[in-house]
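Colleague: One structure follows; several queries about it will come next.
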Amino acid sequence: MTFTNDVCYGNNNELLALLKGYSALIPPLHLKFPVQYSFTEVHTFLLHQVLLAPHLEQYPPSGRYQRSFWKWSIEHLERMDKDEEDGEIDTRIYDRYLSLMSGSTDPSGPPPDSYMTYYWKPLSSLGCTDRSSHETITLLESRTTIESGTTGLRTWCASFVLASYLIANAETIRDQTVFELGCGSGFLGIIVATIQQKFNERHESHRQPLPAVLLTDVNAGVLSRCRDNVQLRCNQSSNHPNITFSTLDWFDALSLPCSESMMTAFLSKASVGVVIGADIVFDPILVPPLVATLRLALSFESARMAVVALTVRNEQTLAYFVTEAVPHAFTSATYFDLDTAGVDAGLDVKIFKFTLHNSAS
Ligand SMILES: C[S@@+](CC[C@H](N)C(=O)[O-])C[C@H]1O[C@@H](n2cnc3c(N)ncnc32)[C@H](O)[C@@H]1O
């Protein structure tokens with residue numbers, strides 16, 4: 001396995017929650033300082049598993065976030081009951097905070113891009129039986145809702161929900177070419193590539209060539225960020241030999257004659273098995289081209305299904321999509337092992353699964 005920072009925390013859930021929160025830049029306001037541990041336990045954890053963790057040193061949260069996190073942590077540590085002998089806060093924690101205080105980030109400007117590390121648990125079907133072991137996915141992301149005119153530079157909640165679905169139904173993508181629409185900064189592409197690689201590692205004796213992962217988006221800047229994230233050495237996807245990044249606009253599926261469109265040319269060469277997409281219905285204007293793309297992709301013989309996760313921001317837009325696409329809907333979405341306080345946290349996310357019969361009707 002190529003992940004370098006598997007972690008095992010047994011039942012230390014509060015400490016793990018703190019690490020996950022720091023790694024995914026959850027504002028301290030939404031974090032719970034661990035209360036059931038002694039000063040020494042929390043302090044040691046913060047020092048060695050958070051501040052000095054090699055992975056987080058290489059892929060750190062933004063300076064602005066760290067400043068708020070360490071201020072909050074120091075205040076809590078200073079208030080804790082301490083043993084007489086061992087009650088000092090390590091100078092390395094103070095030094096980190098002081099160095100961030102003197103940093104040049106303007107606290108009133110937009111938040112800077114940051115590495116985000118998310119923890120996830122592969123299921124036993126992928127050979128992972130230790131329930132306390134976690135793996136990580138790391139991405140460089142925007143911290144604003146829209147940057148450079150696109151929403152694709154951050155990971156949206158629907159991606160986490162769809163990731164849970166794919167992890168729980170990993171068999172469906174193990175040997176299929178997966179085609180992602182509106183891939184954004186690469187979170188789902190990394191999940192898909194990692195699942196396929198894990199299946200292959202499990203069956204060492206009869207390894208197959210890995211199927212393709214086709215990551216597509218309309219925005220070239222987004223695709224470039226996606227490529228960088230997928231290829232980060234800490235992500236297992238960096239070793240997947242069959243991932244492509246292509247600029248593709250769903251509107252192209254509406255061009256006439258359809259048989260001569262770029263979309264048809266792309267799909268004719270691709271042998272797509274499974275189509276995926278997260279948070280790709282946010283504007284009614286996109287519904288007809290998106291539905292046309294789904295129908296076209298599913299009309300090829302190799303296609304098994306499309307799975308789309310949508311955040312319900314506007315009931316009418318969703319209803320329009322549902323009417324146009326005539327899907328089988330699953331409304332009971334599984335849920336990714338993540339405590340995020342992102343901009344769309346708390347909103348309803350629905351998963352829709354399409355097959356040829358339903359999409360074509
Ligand atoms: C809200 S973001 C979702 C990104 C990612 N799937 C996620 O869940 O984090 C929507 C994505 O759809 C892409 N997109 C918007 N219109 C598109 C179009 N006409 N064709 C292809 N991609 C499009 C955007 O560039 C953006 O990356």
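All residue names refer to the structure tokens as shown: chains lettered A, B, ... in order, residues numbered from 1 in each chain, ligands numbered from 1 in order.
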Write out as a ChimeraX atom specification each polymer residue (protein, DNA or RNA) that has an atom no more than 9 Å from ligand 1, with only C-alpha atoms and all ligand atoms counted.

Modeller: /A:145,150-160,162,180-188,216-223,247-252,277-283,286,289-290,309-310

Colleague: Per DSSP on the backbone, filter segment 112-234 of chain A down to the residues in helix (DSSP H, G or I) and report them as a PyMOL selection string.

Modeller: chain A and resi 124-126+157-168+170-173+187-202+204-206+220-230

Colleague: Write out the residues from the selection above, keeping C-alpha atoms, as a JSON list (two decimals), in the first residue's frame.

Modeller:
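Once written, result_2.json looks like this:
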[["chain", "number", "residue", "atom", "x", "y", "z"],
["A", 124, "SER", "CA", -13.46, -5.03, 4.36],
["A", 125, "SER", "CA", -14.26, -5.85, 0.70],
["A", 126, "LEU", "CA", -11.15, -3.84, -0.09],
["A", 157, "CYS", "CA", -20.51, 17.96, 0.09],
["A", 158, "ALA", "CA", -22.17, 15.93, -2.69],
["A", 159, "SER", "CA", -18.74, 14.50, -3.51],
["A", 160, "PHE", "CA", -18.41, 13.16, 0.04],
["A", 161, "VAL", "CA", -21.84, 11.54, -0.20],
["A", 162, "LEU", "CA", -21.10, 10.01, -3.59],
["A", 163, "ALA", "CA", -17.74, 8.80, -2.27],
["A", 164, "SER", "CA", -19.60, 6.96, 0.51],
["A", 165, "TYR", "CA", -21.83, 5.34, -2.09],
["A", 166, "LEU", "CA", -18.85, 4.26, -4.19],
["A", 167, "ILE", "CA", -16.97, 2.91, -1.17],
["A", 168, "ALA", "CA", -20.04, 0.93, -0.10],
["A", 170, "ALA", "CA", -16.98, -0.68, -4.67],
["A", 171, "GLU", "CA", -17.63, -3.81, -6.77],
["A", 172, "THR", "CA", -19.56, -1.70, -9.28],
["A", 173, "ILE", "CA", -16.47, 0.24, -10.33],
["A", 187, "PHE", "CA", -11.69, 14.23, -4.83],
["A", 188, "LEU", "CA", -13.89, 11.55, -6.46],
["A", 189, "GLY", "CA", -11.28, 10.71, -9.06],
["A", 190, "ILE", "CA", -8.84, 9.93, -6.25],
["A", 191, "ILE", "CA", -11.43, 7.75, -4.49],
["A", 192, "VAL", "CA", -12.26, 5.81, -7.68],
["A", 193, "ALA", "CA", -8.61, 5.28, -8.61],
["A", 194, "THR", "CA", -7.77, 4.15, -5.06],
["A", 195, "ILE", "CA", -10.66, 1.66, -4.94],
["A", 196, "GLN", "CA", -9.60, 0.13, -8.25],
["A", 197, "GLN", "CA", -5.98, -0.11, -7.10],
["A", 198, "LYS", "CA", -6.97, -1.76, -3.82],
["A", 199, "PHE", "CA", -8.95, -4.43, -5.63],
["A", 200, "ASN", "CA", -5.95, -5.11, -7.83],
["A", 201, "GLU", "CA", -3.60, -5.36, -4.83],
["A", 202, "ARG", "CA", -5.91, -7.91, -3.23],
["A", 204, "GLU", "CA", -2.07, -10.19, -6.75],
["A", 205, "SER", "CA", -2.01, -13.59, -8.43],
["A", 206, "HIS", "CA", -4.31, -12.59, -11.29],
["A", 220, "ALA", "CA", -9.19, 24.10, -17.99],
["A", 221, "GLY", "CA", -7.93, 25.68, -14.73],
["A", 222, "VAL", "CA", -10.06, 23.27, -12.72],
["A", 223, "LEU", "CA", -8.74, 20.31, -14.71],
["A", 224, "SER", "CA", -5.18, 21.40, -14.13],
["A", 225, "ARG", "CA", -5.79, 21.59, -10.36],
["A", 226, "CYS", "CA", -7.48, 18.19, -10.55],
["A", 227, "ARG", "CA", -4.45, 16.68, -12.26],
["A", 228, "ASP", "CA", -2.09, 18.15, -9.64],
["A", 229, "ASN", "CA", -4.20, 16.73, -6.81],
["A", 230, "VAL", "CA", -4.62, 13.28, -8.34]]

Colleague: Run DSSP on the backbone and grab whatever in segment 1-214 of chain A lands in strand (DSSP E); send it over as an mmCIF file with C-alpha atoms, in the first residue's frame.

Modeller:
data_model
loop_
_atom_site.group_PDB
_atom_site.id
_atom_site.type_symbol
_atom_site.label_atom_id
_atom_site.label_comp_id
_atom_site.auth_asym_id
_atom_site.auth_seq_id
_atom_site.Cartn_x
_atom_site.Cartn_y
_atom_site.Cartn_z
ATOM 1 C CA VAL A 7 -3.255 6.194 11.299
ATOM 2 C CA CYS A 8 -4.554 4.013 14.094
ATOM 3 C CA SER A 114 -4.990 25.387 1.381
ATOM 4 C CA TYR A 115 -4.152 21.722 1.520
ATOM 5 C CA MET A 116 -7.061 19.746 2.926
ATOM 6 C CA THR A 117 -6.632 16.192 4.191
ATOM 7 C CA TYR A 118 -9.701 13.957 4.527
ATOM 8 C CA TYR A 119 -9.789 10.647 6.389
ATOM 9 C CA TRP A 120 -11.706 7.657 5.152
ATOM 10 C CA SER A 133 -7.344 2.330 10.608
ATOM 11 C CA HIS A 134 -7.890 5.331 8.396
ATOM 12 C CA GLU A 135 -6.496 6.459 5.114
ATOM 13 C CA THR A 136 -6.160 9.940 3.773
ATOM 14 C CA ILE A 137 -6.851 11.941 0.646
ATOM 15 C CA THR A 138 -5.109 15.261 0.277
ATOM 16 C CA LEU A 139 -6.007 18.088 -2.104
ATOM 17 C CA LEU A 140 -5.037 21.686 -2.650
ATOM 18 C CA GLU A 141 -8.347 23.552 -2.584
ATOM 19 C CA VAL A 178 -15.364 5.393 -14.887
ATOM 20 C CA PHE A 179 -16.298 8.684 -16.552
ATOM 21 C CA GLU A 180 -16.693 11.661 -14.210
ATOM 22 C CA LEU A 181 -18.659 14.757 -15.253
ATOM 23 C CA VAL A 213 -10.635 6.776 -15.014
ATOM 24 C CA LEU A 214 -11.778 9.627 -17.283
#

Colleague: Using only C-alpha atoms, which protein or nucleic acid residues come within 6 Å of Met305 of chain A? Drop anything in the same chain fewer than 6 positions from it, and give the result as a ChimeraX atom specification.

Modeller: /A:274,354-355

Colleague: Just how far from atom CA of Ala24 of chain A is atom CA of Arg92 of chain A, in Å to one decimal?

Modeller: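 Atom CA of Ala24 of chain A lies 22.0 Å from atom CA of Arg92 of chain A.
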
Colleague: Given the choices A:Asp113, A:Glu260, A:Glu315, A:Glu14, which gets closest to Gly63 of chain A if the distance is worked out from only C-alpha atoms?

Modeller: A:Asp113

Colleague: Tell me which protein, DNA and RNA residues are within 8 Å of segment 44-59 of chain A, counting only C-alpha atoms, leaving out same-chain ones fewer than 2 positions away, and put them as a ChimeraX atom specification.

Modeller: /A:4-5,15,19,22-23,40-42,61,90,92-93,115-116,138

Colleague: Write a file of the selected residues as a JSON list (two decimals), in the first residue's frame, keeping C-alpha atoms.

Modeller:
[["chain", "number", "residue", "atom", "x", "y", "z"],
["A", 4, "THR", "CA", 2.31, 6.96, 3.86],
["A", 5, "ASN", "CA", 0.20, 8.12, 6.73],
["A", 15, "LEU", "CA", -8.48, 13.03, 19.64],
["A", 19, "LEU", "CA", -6.94, 15.66, 14.01],
["A", 22, "TYR", "CA", -7.46, 20.35, 11.84],
["A", 23, "SER", "CA", -6.65, 18.48, 8.62],
["A", 40, "THR", "CA", -0.39, 15.19, 29.14],
["A", 41, "GLU", "CA", -2.47, 13.02, 26.79],
["A", 42, "VAL", "CA", -3.99, 15.91, 24.84],
["A", 61, "PRO", "CA", -3.47, 23.71, 6.45],
["A", 90, "ASP", "CA", 5.98, 22.66, 24.67],
["A", 92, "ARG", "CA", 7.31, 24.27, 19.73],
["A", 93, "ILE", "CA", 3.56, 24.90, 20.02],
["A", 115, "TYR", "CA", -4.15, 21.72, 1.52],
["A", 116, "MET", "CA", -7.06, 19.75, 2.93],
["A", 138, "THR", "CA", -5.11, 15.26, 0.28]]
